[in-house]
Every structure is written in C-alpha cells, then in structure tokens.
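Q: Take this structure, written in structure tokens, and hold onto it; I'll ask about it next.
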Amino acid sequence: MTVTVQPVPILSDNYAWLLRDDVSGAVAIVDPADAKGVFPAIEAAGRLDLILLTHHHADHTAGTDEVRARYNCPVIGAKADAKRLPRLDQEVVEGDTVRFGSTEAVVIETPGHTRGHIAYFFPKGAVLLSGDTLFSVGCGRLLEGTAEEMFASLQKLSKLPDETLVACGHEYTESNIRFALTQEPENTALHTRALEVKQLRSAGRPSVPSLLAQERAVNPFLRAKDAKKLGEIRAAKDRF
C-alpha cells in the first residue's frame with residue numbers, strides 16, 4: 001500500500017479526505033469545503049502538498065482558497081468545470097494522471113450529479129475519491145445529468161478492483177440502507193452491512209470508506225442492470 005486515506009468530518013454530513021503517500025510523506029486534501037474544519041487534520045499531518053476537487057458544489061469547495069493561501073499548494077480539478085471551481089493550477093480530463101508524491105492518481109470523468117464531476121483513483125493503495133457520484137449504498141442525485149450518464153459513470157467505477165476503498169463525499173449510509181432495503185429486502189449482504197453501519201455510527205465512527213466489492217453486493221445503483229432501471233431507482237430514492 002502506498003496511499004492511505006483518512007476521513008475528515010466537516011459541515012453537517014460531509015467528508016473531506018486526507019491522503020498520505022507512505023513513501024514520500026506527501027499529503028493531500030480532497031474537497032476542503034470548510035477550511036477551519038480541515039486545518040487540524042492537516043496540521044497533525046505536518047504538511048500539505050496538494051488539493052484535489054471532485055466537483056463545483058460549495059459544500060466541497062468553499063474552503064479551498066483559504067487552505068491554498070495557508071499552505072501555498074496547487075489545486076487540481078476538472079477542466080470541464082474550471083469556470084465554476086476555485087482557480088485551478090491543473091485542469092484535468094478523463095485519463096489524465098495526477099502526480100502525488102511517489103505515486104499518481106488516474107482521473108475518471110463521472111458526470112450525472114454534475115456535468116463536470118470527476119473521481120480520482122490511486123492504483124497503489126486502491127483508493128477511489130468518488131465525491132458525490134458513488135456513495136456507500138447510494139449514488140448522487142441527478143442534478144445536472146441524466147440516468148444514462150450516471151449509469152455510465154457508475155459502470156466505470158464498478159470495474160475497479162474489488163479491494164478499492166470508496167471514499168465518498170457524505171455520511172449518507174444509514175439513510176441509503178433504509179432505502180436500499182425497500183428495493184432488495186431479502187439481500188443478506190445488505191442486512192449484514194446495515195448491522196455493521198449501525199454499530200459504527202453508534203460508536204461515533206464513520207461508515208466509510210467502504211469496499212467496492214461490498215458496494216457491488218449491496219448498492220442498488222451499482223446493481224441496476226441498465227440506465228432505465230437506475231433512473232427508476234433514483235426517482236424512488238428522491239421520493240423516499
């Protein structure tokens with residue numbers, strides 16, 4: 001393992017993510033919406049080398065400039081959304097690589113929640129920063145995209161290795177499970193995940209990151225057979 005990932009709870013239910021490259025000691029922060037909320041984690045890490053943004057929503061970007069000003073580090077985000085993001089030092093598209101210490105991340109374009117949403121995958125460490133595209137047992141609302149786009153985005157992510165850690169943007173897992181059980185009430189893996197999450201949250205611990213192999217077994221959006229089915233499930237979740 002080269003890259004390790006730590007959730008940093010901010011705002012009401014968001015997560016920023018602190019990344020460390022075990023070889024070089026480099027540190028990155030993902031989606032620092034609340035600068036004061038992420039400063040303690042960064043200070044504990046002792047440095048900051050990079051800021052990664054997944055999409056333009058303020059609950060993922062609002063603290064970016066304050067964090068950049070303190071640590072004088074570059075900001076990376078989607079070229080497609082450059083005009084809606086804080087000033088970017090590197091604009092990236094599908095297939096680009098982002099250097100981080102001794103390793104690198106691959107950029108995956110994942111429209112659906114927003115037009116310019118991207119995810120970052122670190123093969124060394126098998127870490128996926130999925131933002132608001134893929135949640136544990138859920139997916140993002142279709143605010144700017146279509147069910148077809150979200151389905152295609154989730155299919156890309158679903159092809160990553162089983163051991164991939166899914167580091168998503170929100171602590172939505174308990175409510176996502178309640179909905180998922182209405183779709184697959186006899187899914188034993190989902191019932192097991194429900195118990196696990198209940199124990200984690202009762203202990204005040206995050207329910208994420210989750211394993212991609214587990215998401216394939218319990219996430220109704222990843223399990224949708226086609227875009228039409230995903231759209232039906234997403235509409236039902238919006239009404240839930």
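Ordering of the structure tokens sets the chain letters (A, B, ...); residue numbers start at 1 within each chain; ligands are numbered from 1 in the order shown.
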Can you list, as a PyMOL selection string, all residues belonging to stretch 64-233 of chain A that DSSP tags as alpha helix (DSSP H)?
A: chain A and resi 64-71+147-158+173-183+188-202+212-218+227-233
Q: For the atom pair atom CA of A:Asp81 and atom CA of A:His56, what is the interatomic distance in Å to one decimal place?
A: 7.0 Å
Q: For a quick check of understanding, using only C-alpha atoms, which of A:Gly125, A:Gly204, A:Gly145, A:Pro111 has the smallest distance to A:Arg20?
A: A:Gly125
Q: Neighbours of A:Pro161 within 9 Å (only C-alpha atoms; same-chain residues fewer than 6 positions away dropped), as a list in words?
A: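 In the requested form, the answer reads Pro123, Ala126, Leu212 and Ala213 of chain A.
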Q: Find the residue from A:Gln155, A:Thr173, A:Thr103, A:Thr114 that sits nearest to A:His57; use only C-alpha atoms when measuring.
A: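 Checking each candidate against A:His57, we get A:Thr114 as the closest.
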Q: Rank A:Pro86, A:Gly101, A:Pro9, A:Gly77 by their smallest atom-to-atom distance to A:Ala26, using only C-alpha atoms, and report the top residue only.
A: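 Among the listed residues, A:Gly101 lies closest to A:Ala26.
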Q: May I have the residues within 8 Å of A:Glu94 as a ChimeraX atom specification, using only C-alpha atoms and disregarding those fewer than 6 positions away in the same chain?
A: /A:107-109
Q: Which residues, written as a list in words, have at least one atom at most 10 Å from stretch 65-75 of chain A, with only C-alpha atoms counted and residues fewer than 5 positions away on the same chain left out?
A: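 That gives Ala28, Ile29, Val30, Pro32, Ala33, Asp34, Ala35, Lys36, Val38, Phe39, Ile42, Arg47, Leu48, Asp49, Leu50, Ile51, Leu52, Leu53, Leu85, Pro86, Arg87, Leu88, Asp89, Gln90 and Glu91 of chain A.
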Q: Selection from above, C-alpha atoms, as a PDB file, in the first residue's frame, can you write it?
A:
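What follows is the written file selection35.pdb:
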```pdb
ATOM      1  CA  ALA A  28      -3.231  15.942   0.018  1.00  0.00           C
ATOM      2  CA  ILE A  29      -6.701  17.080   0.985  1.00  0.00           C
ATOM      3  CA  VAL A  30      -9.799  16.323  -1.094  1.00  0.00           C
ATOM      4  CA  PRO A  32     -11.887  21.021   1.679  1.00  0.00           C
ATOM      5  CA  ALA A  33     -15.242  22.799   1.946  1.00  0.00           C
ATOM      6  CA  ASP A  34     -14.567  24.042   5.476  1.00  0.00           C
ATOM      7  CA  ALA A  35     -11.030  25.343   5.976  1.00  0.00           C
ATOM      8  CA  LYS A  36     -11.252  25.532   9.760  1.00  0.00           C
ATOM      9  CA  VAL A  38      -9.746  20.532   7.859  1.00  0.00           C
ATOM     10  CA  PHE A  39      -6.891  22.567   9.385  1.00  0.00           C
ATOM     11  CA  ILE A  42      -3.602  18.927   8.058  1.00  0.00           C
ATOM     12  CA  ARG A  47       2.294  19.450   5.713  1.00  0.00           C
ATOM     13  CA  LEU A  48       0.037  19.854   2.693  1.00  0.00           C
ATOM     14  CA  ASP A  49       1.209  19.329  -0.884  1.00  0.00           C
ATOM     15  CA  LEU A  50      -1.961  19.173  -2.963  1.00  0.00           C
ATOM     16  CA  ILE A  51      -5.687  19.989  -3.047  1.00  0.00           C
ATOM     17  CA  LEU A  52      -7.998  17.809  -5.155  1.00  0.00           C
ATOM     18  CA  LEU A  53     -11.559  18.833  -6.074  1.00  0.00           C
ATOM     19  CA  LEU A  85     -14.356  25.928  -9.452  1.00  0.00           C
ATOM     20  CA  PRO A  86     -11.823  27.904  -7.438  1.00  0.00           C
ATOM     21  CA  ARG A  87      -8.789  28.859  -9.544  1.00  0.00           C
ATOM     22  CA  LEU A  88      -7.121  25.683 -10.749  1.00  0.00           C
ATOM     23  CA  ASP A  89      -3.387  25.128 -11.121  1.00  0.00           C
ATOM     24  CA  GLN A  90      -4.025  21.967 -13.121  1.00  0.00           C
ATOM     25  CA  GLU A  91      -7.143  21.303 -15.210  1.00  0.00           C
TER      26      GLU A  91
END
```
Q: Distance atom CA of A:Thr164-atom CA of A:Ile118, one decimal place?
A: 16.7 Å
Q: Residues near A:Phe121, anyone? I mean within 7 Å using only C-alpha atoms, not counting same-chain ones fewer than 5 positions away, as number ranges by chain.
A: A: 105-107, 127-129
Q: Go ahead and save the picked residues with N, CA, C and O atoms, as a compact mmCIF listing (two decimals), in the first residue's frame.
A:
```txt
# COMPACT_ATOMS: atom_id res chain seq x y z
N ALA A 105 -2.56 9.45 -9.35
CA ALA A 105 -3.97 9.09 -9.48
C ALA A 105 -4.40 9.21 -10.92
O ALA A 105 -3.88 10.04 -11.67
N VAL A 106 -5.36 8.38 -11.31
CA VAL A 106 -5.97 8.46 -12.62
C VAL A 106 -7.29 9.22 -12.50
O VAL A 106 -8.07 8.99 -11.57
N VAL A 107 -7.53 10.15 -13.41
CA VAL A 107 -8.76 10.94 -13.41
C VAL A 107 -9.85 10.19 -14.19
O VAL A 107 -9.62 9.72 -15.30
N VAL A 127 -7.39 3.36 -3.76
CA VAL A 127 -8.25 4.36 -3.16
C VAL A 127 -8.99 5.11 -4.26
O VAL A 127 -8.38 5.60 -5.21
N LEU A 128 -10.32 5.18 -4.11
CA LEU A 128 -11.17 5.93 -5.05
C LEU A 128 -11.79 7.09 -4.32
O LEU A 128 -12.53 6.90 -3.34
N LEU A 129 -11.53 8.31 -4.77
CA LEU A 129 -12.20 9.50 -4.27
C LEU A 129 -13.39 9.75 -5.18
O LEU A 129 -13.25 10.28 -6.28
```
Q: Go ahead and compute the interatomic distance for atom CA of A:Lys79 and atom CA of A:Arg115, in Å to one decimal.
A: 11.1 Å
Q: Which residues are close to A:Val208, i.e. within 8 Å by only C-alpha atoms, leaving aside same-chain residues fewer than 2 positions away? Reply as a PyMOL selection string.
A: chain A and resi 7+136+166-168+171+206+210
Q: Using only all heavy atoms, please write the residues we just selected to a file, as a PDB file, in the first residue's frame.
A:
```pdb
ATOM      1  N   PRO A   7     -10.821   9.894   6.627  1.00  0.00           N
ATOM      2  CA  PRO A   7     -11.962  10.804   6.534  1.00  0.00           C
ATOM      3  C   PRO A   7     -11.833  11.954   7.519  1.00  0.00           C
ATOM      4  O   PRO A   7     -11.403  11.769   8.661  1.00  0.00           O
ATOM      5  CB  PRO A   7     -13.154   9.910   6.873  1.00  0.00           C
ATOM      6  CG  PRO A   7     -12.593   8.829   7.731  1.00  0.00           C
ATOM      7  CD  PRO A   7     -11.176   8.604   7.264  1.00  0.00           C
ATOM      8  N   SER A 136     -21.652   5.122  -0.300  1.00  0.00           N
ATOM      9  CA  SER A 136     -21.874   3.794   0.239  1.00  0.00           C
ATOM     10  C   SER A 136     -23.371   3.499   0.209  1.00  0.00           C
ATOM     11  O   SER A 136     -24.170   4.222   0.796  1.00  0.00           O
ATOM     12  CB  SER A 136     -21.340   3.687   1.670  1.00  0.00           C
ATOM     13  OG  SER A 136     -21.509   2.364   2.138  1.00  0.00           O
ATOM     14  N   VAL A 166     -13.722   2.964  -1.289  1.00  0.00           N
ATOM     15  CA  VAL A 166     -14.580   4.021  -1.830  1.00  0.00           C
ATOM     16  C   VAL A 166     -14.690   5.139  -0.790  1.00  0.00           C
ATOM     17  O   VAL A 166     -15.360   4.996   0.233  1.00  0.00           O
ATOM     18  CB  VAL A 166     -15.975   3.475  -2.188  1.00  0.00           C
ATOM     19  CG1 VAL A 166     -16.851   4.601  -2.733  1.00  0.00           C
ATOM     20  CG2 VAL A 166     -15.859   2.341  -3.195  1.00  0.00           C
ATOM     21  N   ALA A 167     -14.029   6.246  -1.065  1.00  0.00           N
ATOM     22  CA  ALA A 167     -14.010   7.392  -0.156  1.00  0.00           C
ATOM     23  C   ALA A 167     -14.939   8.456  -0.745  1.00  0.00           C
ATOM     24  O   ALA A 167     -14.551   9.220  -1.629  1.00  0.00           O
ATOM     25  CB  ALA A 167     -12.585   7.924  -0.004  1.00  0.00           C
ATOM     26  N   CYS A 168     -16.158   8.492  -0.249  1.00  0.00           N
ATOM     27  CA  CYS A 168     -17.197   9.355  -0.832  1.00  0.00           C
ATOM     28  C   CYS A 168     -17.347  10.652  -0.038  1.00  0.00           C
ATOM     29  O   CYS A 168     -16.729  10.843   1.007  1.00  0.00           O
ATOM     30  CB  CYS A 168     -18.521   8.609  -0.903  1.00  0.00           C
ATOM     31  SG  CYS A 168     -19.177   8.073   0.691  1.00  0.00           S
ATOM     32  N   GLU A 171     -21.739  11.363   4.648  1.00  0.00           N
ATOM     33  CA  GLU A 171     -22.161  10.288   5.552  1.00  0.00           C
ATOM     34  C   GLU A 171     -23.661  10.091   5.377  1.00  0.00           C
ATOM     35  O   GLU A 171     -24.479  10.596   6.140  1.00  0.00           O
ATOM     36  CB  GLU A 171     -21.828  10.650   7.007  1.00  0.00           C
ATOM     37  CG  GLU A 171     -22.164   9.584   8.031  1.00  0.00           C
ATOM     38  CD  GLU A 171     -21.501   8.262   7.760  1.00  0.00           C
ATOM     39  OE1 GLU A 171     -20.274   8.153   7.927  1.00  0.00           O
ATOM     40  OE2 GLU A 171     -22.220   7.329   7.363  1.00  0.00           O
ATOM     41  N   PRO A 206     -17.043   6.813  11.382  1.00  0.00           N
ATOM     42  CA  PRO A 206     -17.553   6.916  10.008  1.00  0.00           C
ATOM     43  C   PRO A 206     -17.917   5.547   9.454  1.00  0.00           C
ATOM     44  O   PRO A 206     -17.306   4.531   9.817  1.00  0.00           O
ATOM     45  CB  PRO A 206     -16.367   7.515   9.234  1.00  0.00           C
ATOM     46  CG  PRO A 206     -15.473   8.118  10.263  1.00  0.00           C
ATOM     47  CD  PRO A 206     -15.647   7.285  11.499  1.00  0.00           C
ATOM     48  N   SER A 210     -15.813   2.444   2.240  1.00  0.00           N
ATOM     49  CA  SER A 210     -16.324   1.082   2.091  1.00  0.00           C
ATOM     50  C   SER A 210     -15.524   0.385   0.998  1.00  0.00           C
ATOM     51  O   SER A 210     -14.787   1.024   0.247  1.00  0.00           O
ATOM     52  CB  SER A 210     -17.813   1.101   1.735  1.00  0.00           C
ATOM     53  OG  SER A 210     -18.033   1.830   0.539  1.00  0.00           O
TER      54      SER A 210
END
```
Q: Restricting the calculation to only C-alpha atoms, which member of A:Ser102, A:Gln214, A:Ser130, A:Ser202 is positioned closest to A:Asp162?
A: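 Once distances to A:Asp162 are computed over only C-alpha atoms, the minimum belongs to A:Gln214.
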